[in-house]
$ cat start_4.cif   # mmCIF, C-alpha atoms
data_structure
loop_
_atom_site.label_atom_id
_atom_site.label_comp_id
_atom_site.auth_asym_id
_atom_site.auth_seq_id
_atom_site.Cartn_x
_atom_site.Cartn_y
_atom_site.Cartn_z
CA MET A 1 -22.47 -46.56 49.33
CA SER A 2 -22.77 -45.69 45.65
CA TYR A 3 -26.51 -45.76 45.31
CA ILE A 4 -28.67 -43.97 47.83
CA GLU A 5 -32.34 -44.39 48.66
CA GLY A 6 -34.49 -44.43 45.53
CA GLY A 7 -31.64 -45.76 43.40
CA GLN A 8 -29.98 -42.39 42.83
CA LEU A 9 -26.25 -42.38 42.24
CA SER A 10 -24.04 -40.47 44.69
CA TYR A 11 -22.54 -37.44 42.94
CA LEU A 12 -20.67 -34.21 43.54
CA ILE A 13 -20.53 -31.36 41.01
CA ILE A 14 -17.76 -28.77 41.31
CA ALA A 15 -17.53 -26.08 38.62
CA GLY A 16 -19.22 -28.46 36.18
CA LEU A 17 -17.00 -31.44 37.02
CA VAL A 18 -19.24 -34.38 37.89
CA PHE A 19 -17.69 -36.87 40.33
CA THR A 20 -19.25 -40.20 41.26
CA PRO A 21 -18.09 -43.52 42.67
CA LEU A 22 -17.44 -46.24 40.13
CA SER A 23 -20.11 -48.93 40.42
CA GLU A 24 -21.34 -51.89 38.41
CA PRO A 25 -24.59 -50.06 37.48
CA LEU A 26 -22.51 -47.11 36.24
CA ILE A 27 -20.35 -49.43 34.15
CA ASP A 28 -23.48 -51.05 32.72
CA GLU A 29 -25.08 -47.65 32.01
CA GLU A 30 -21.99 -46.10 30.45
CA CYS A 31 -20.97 -49.23 28.54
CA GLU A 32 -17.63 -50.87 29.23
CA ASP A 33 -16.06 -49.28 26.13
CA SER A 34 -16.61 -45.71 27.32
CA ILE A 35 -15.45 -46.49 30.87
CA GLY A 36 -12.22 -48.02 29.58
CA LEU A 37 -10.59 -51.37 30.14
CA LYS A 38 -8.32 -50.12 32.93
CA LEU A 39 -11.22 -48.90 35.10
CA VAL A 40 -13.39 -51.92 34.35
CA THR A 41 -10.51 -54.19 35.34
CA LYS A 42 -9.95 -52.26 38.58
CA ALA A 43 -13.67 -52.35 39.31
CA ARG A 44 -13.95 -56.07 38.85
CA TYR A 45 -10.64 -57.43 40.10
CA SER A 46 -9.09 -55.11 42.68
CA LEU A 47 -9.58 -55.58 46.39
CA SER A 48 -10.24 -52.67 48.69
CA ARG A 49 -7.64 -51.76 51.28
CA PHE A 50 -10.23 -50.71 53.84
CA GLU A 51 -13.98 -50.71 54.39
CA GLY A 52 -15.63 -47.79 52.63
CA GLU A 53 -12.97 -47.38 49.94
CA GLN A 54 -14.37 -46.33 46.55
CA ILE A 55 -12.91 -45.65 43.14
CA VAL A 56 -14.05 -42.08 42.45
CA VAL A 57 -14.30 -40.97 38.82
CA LEU A 58 -14.86 -37.74 36.98
CA SER A 59 -17.77 -39.07 34.94
CA GLN A 60 -18.27 -35.97 32.78
CA VAL A 61 -17.74 -32.23 32.56
CA LEU A 62 -20.65 -29.83 32.12
CA ALA A 63 -19.02 -27.33 29.78
CA ASN A 64 -18.65 -23.75 31.02
CA GLU A 65 -16.02 -21.04 30.69
CA VAL A 66 -14.70 -21.87 34.18
CA ASN A 67 -13.68 -25.37 33.03
CA ILE A 68 -12.43 -24.60 29.51
CA GLY A 69 -9.88 -27.14 28.40
CA TYR A 70 -11.32 -29.90 30.54
CA GLU A 71 -14.74 -30.30 28.88
CA ASP A 72 -13.74 -33.45 26.95
CA MET A 73 -12.64 -35.38 30.05
CA SER A 74 -14.80 -38.31 31.13
CA ASN A 75 -14.48 -41.49 33.13
CA GLU A 76 -11.13 -40.58 34.68
CA GLN A 77 -10.21 -41.87 38.14
CA VAL A 78 -9.43 -39.06 40.58
CA LEU A 79 -6.63 -40.06 42.95
CA LYS A 80 -5.94 -36.89 44.95
CA PHE A 81 -7.43 -33.53 45.79
CA ASN A 82 -4.91 -30.80 46.70
CA GLY A 83 -2.34 -33.49 47.45
CA THR A 84 -4.56 -35.67 49.66
CA ARG A 85 -5.38 -39.19 48.47
CA ILE A 86 -9.14 -39.68 47.99
CA LYS A 87 -10.73 -42.46 50.06
CA ASN A 88 -14.26 -42.24 48.68
CA ILE A 89 -16.80 -39.74 47.29
CA HIS A 90 -17.77 -38.53 50.76
CA HIS A 91 -14.11 -37.87 51.60
CA LEU A 92 -13.68 -35.85 48.38
CA THR A 93 -16.76 -33.78 49.28
CA HIS A 94 -15.38 -33.16 52.76
CA LEU A 95 -11.99 -32.03 51.39
CA VAL A 96 -13.62 -29.66 48.89
CA ASP A 97 -15.87 -28.20 51.60
CA LEU A 98 -12.90 -27.51 53.89
CA CYS A 99 -10.62 -26.13 51.16
CA LYS A 100 -9.35 -22.59 51.69
CA ASP A 101 -6.56 -22.80 49.08
CA LYS A 102 -6.57 -20.51 46.06
CA TYR A 103 -6.91 -23.50 43.71
CA PHE A 104 -8.73 -26.80 43.52
CA VAL A 105 -6.18 -29.30 42.21
CA PHE A 106 -7.51 -32.69 41.14
CA GLU A 107 -4.93 -35.36 40.32
CA PHE A 108 -6.04 -38.17 38.05
CA GLU A 109 -4.57 -41.45 37.01
CA ASP A 110 -2.02 -41.18 34.17
CA ASN A 111 -0.75 -37.87 35.59
CA TYR A 112 -3.65 -35.70 34.42
CA LEU A 113 -4.30 -32.57 36.47
CA VAL A 114 -7.33 -30.31 36.62
CA ILE A 115 -6.64 -26.96 38.28
CA LEU A 116 -9.49 -24.56 38.95
CA GLU A 117 -9.59 -21.31 40.91
CA ARG A 118 -11.61 -21.96 44.05
CA GLU A 119 -13.44 -18.61 44.08
CA ALA A 120 -14.25 -18.69 40.36
CA SER A 121 -15.51 -22.26 40.77
CA SER A 122 -17.75 -21.25 43.66
CA VAL A 123 -19.24 -18.38 41.65
CA ALA A 124 -19.74 -20.46 38.48
CA SER A 125 -21.20 -23.58 40.09
CA PRO A 126 -24.76 -22.27 40.74
CA CYS A 127 -24.96 -20.93 37.16
CA ILE A 128 -23.79 -24.26 35.72
CA LEU A 129 -26.36 -26.16 37.78
CA LYS A 130 -29.10 -23.81 36.59
CA ASP A 131 -27.98 -24.02 32.94
CA TYR A 132 -28.10 -27.83 33.03
CA GLY A 133 -31.30 -28.05 35.09
CA ILE A 134 -29.64 -29.75 38.06
CA PRO A 135 -31.23 -28.85 41.40
CA PHE A 136 -28.34 -29.69 43.74
CA GLU A 137 -24.53 -29.75 43.57
CA ARG A 138 -24.43 -33.04 45.46
CA SER A 139 -26.59 -36.02 46.22
CA ALA A 140 -28.40 -35.99 49.55
CA ASP A 141 -26.11 -38.62 51.09
CA LEU A 142 -23.12 -36.26 50.71
CA SER A 143 -24.78 -33.58 52.82
CA GLU A 144 -24.27 -35.71 55.92
CA PRO A 145 -21.16 -34.92 58.00
CA TYR A 146 -18.08 -36.91 56.97
CA ILE A 147 -16.78 -39.37 59.54
CA ASP A 148 -13.37 -40.87 58.85
CA ILE A 149 -13.69 -44.50 59.90
CA ILE A 150 -10.51 -45.47 58.06
CA GLU A 151 -8.35 -45.30 61.19
CA GLU A 152 -10.70 -47.75 62.91
CA ASN A 153 -10.55 -50.05 59.91
CA ILE A 154 -6.75 -50.26 59.88
CA ALA A 155 -6.84 -52.31 63.09
CA THR A 156 -9.29 -54.78 61.57
CA ASP A 157 -7.87 -54.68 58.04
CA GLN A 158 -7.04 -58.38 57.99
CA GLN A 159 -10.65 -59.29 58.77
CA ASN A 160 -12.03 -57.11 55.95
CA PHE A 161 -9.58 -58.23 53.30
CA GLY A 162 -11.39 -59.23 50.15
CA TYR A 163 -13.96 -56.49 49.79
CA SER A 164 -14.09 -54.68 46.45
CA PRO A 165 -13.83 -50.87 46.22
CA VAL A 166 -16.69 -50.99 43.70
CA THR A 167 -20.27 -51.53 44.80
CA SER A 168 -22.77 -53.76 43.07
#

$ encode --input "start_4.cif" --output "structure tokens"
Amino acid sequence: MSYIEGGQLSYLIIAGLVFTPLSEPLIDEECEDSIGLKLVTKARYSLSRFEGEQIVVLSQVLANEVNIGYEDMSNEQVLKFNGTRIKNIHHLTHLVDLCKDKYFVFEFEDNYLVILEREASSVASPCILKDYGIPFERSADLSEPYIDIIEENIATDQQNFGYSPVTS
């Protein structure tokens, strides 16, 4: 689900990197030109492979010394986190929460990488949130425990064929 109760967009902020699922309201808000033709095409014409699949994008970067060099990135689809393919925004949150590696490695479409030190990111995140007046690092829906229903969906994949990975 991209929008949660009250119409708020699901989001996750890690060291100033703002991740959110791609949705029609986001495309409308951002304007198709800034989202890019490739993402708009995926949003409108691709079919999801399983129920709950989302296209997760780095919508913007809140500039800080911890993310120097990445501050101009926006509207890039994240494909993997530390080598694991992202299923949806809740899955990304779960992977970040469980990460014990030295680095956070985000892999984006077109072979872009963002590599951040995990400990430095954890220290910088509260300061970034405060500097930008953001009360929480994630939307309330992402505080719920992650349940991987993908395995269950594989058995019924044929029945669910035709859903879009982008919500209305």

$ atom_distance --input "start_4.cif" --atom1 "atom CA of A:His90" --atom2 "atom CA of A:Phe50"
14.7 Å

$ resolve_selection --input "start_4.cif" --expression "the PyMOL selection byres ((chain A and resi 101) around 12)" --output "PyMOL selection string"
chain A and resi 81-83+95-100+102-105+115-119

$ closest_residue --input "start_4.cif" --among "A:Leu12, A:Cys127, A:Ile134, A:Ile55" --to "A:Asn88" --atoms "only C-alpha atoms"
A:Ile55

$ atom_distance --input "start_4.cif" --atom1 "atom CA of A:Ala120" --atom2 "atom CA of A:Lys80"
20.5 Å

$ atom_distance --input "start_4.cif" --atom1 "atom CA of A:Ala124" --atom2 "atom CA of A:Ile147"
28.5 Å

$ resolve_selection --input "start_4.cif" --expression "the PyMOL selection byres ((chain A and resi 60) around 10)" --output "PDB file with C-alpha atoms, keeping the file's coordinate frame"
ATOM      1  CA  ILE A  13     -20.530 -31.360  41.010  1.00  0.00           C
ATOM      2  CA  GLY A  16     -19.220 -28.460  36.180  1.00  0.00           C
ATOM      3  CA  LEU A  17     -17.000 -31.440  37.020  1.00  0.00           C
ATOM      4  CA  VAL A  18     -19.240 -34.380  37.890  1.00  0.00           C
ATOM      5  CA  PHE A  19     -17.690 -36.870  40.330  1.00  0.00           C
ATOM      6  CA  THR A  20     -19.250 -40.200  41.260  1.00  0.00           C
ATOM      7  CA  VAL A  57     -14.300 -40.970  38.820  1.00  0.00           C
ATOM      8  CA  LEU A  58     -14.860 -37.740  36.980  1.00  0.00           C
ATOM      9  CA  SER A  59     -17.770 -39.070  34.940  1.00  0.00           C
ATOM     10  CA  VAL A  61     -17.740 -32.230  32.560  1.00  0.00           C
ATOM     11  CA  LEU A  62     -20.650 -29.830  32.120  1.00  0.00           C
ATOM     12  CA  ALA A  63     -19.020 -27.330  29.780  1.00  0.00           C
ATOM     13  CA  TYR A  70     -11.320 -29.900  30.540  1.00  0.00           C
ATOM     14  CA  GLU A  71     -14.740 -30.300  28.880  1.00  0.00           C
ATOM     15  CA  ASP A  72     -13.740 -33.450  26.950  1.00  0.00           C
ATOM     16  CA  MET A  73     -12.640 -35.380  30.050  1.00  0.00           C
ATOM     17  CA  SER A  74     -14.800 -38.310  31.130  1.00  0.00           C
ATOM     18  CA  ASN A  75     -14.480 -41.490  33.130  1.00  0.00           C
ATOM     19  CA  GLU A  76     -11.130 -40.580  34.680  1.00  0.00           C
TER      20      GLU A  76
END

$ closest_residue --input "start_4.cif" --among "A:Asn111, A:Thr93, A:Asn67, A:Gln77" --to "A:Leu142" --atoms "only C-alpha atoms"
A:Thr93

$ closest_residue --input "start_4.cif" --among "A:Asn64, A:Ser139, A:Thr84, A:Ser125" --to "A:Ser10" --atoms "all atoms listed in the file"
A:Ser139

$ residues_near_point --input "start_4.cif" --point "(-20.7, -40.9, 43.9)" --cutoff "6 Å" --atoms "only C-alpha atoms" --output "ChimeraX atom specification"
/A:2,9-11,20-21,89

$ write_last_selection --input "start_4.cif" --atoms "C-alpha atoms" --output "PDB file, in the coordinates of the input"
ATOM      1  CA  SER A   2     -22.770 -45.690  45.650  1.00  0.00           C
ATOM      2  CA  LEU A   9     -26.250 -42.380  42.240  1.00  0.00           C
ATOM      3  CA  SER A  10     -24.040 -40.470  44.690  1.00  0.00           C
ATOM      4  CA  TYR A  11     -22.540 -37.440  42.940  1.00  0.00           C
ATOM      5  CA  THR A  20     -19.250 -40.200  41.260  1.00  0.00           C
ATOM      6  CA  PRO A  21     -18.090 -43.520  42.670  1.00  0.00           C
ATOM      7  CA  ILE A  89     -16.800 -39.740  47.290  1.00  0.00           C
TER       8      ILE A  89
END

$ closest_residue --input "start_4.cif" --among "A:Glu137, A:Lys87, A:Ser122, A:Leu92" --to "A:Glu51" --atoms "only C-alpha atoms"
A:Lys87
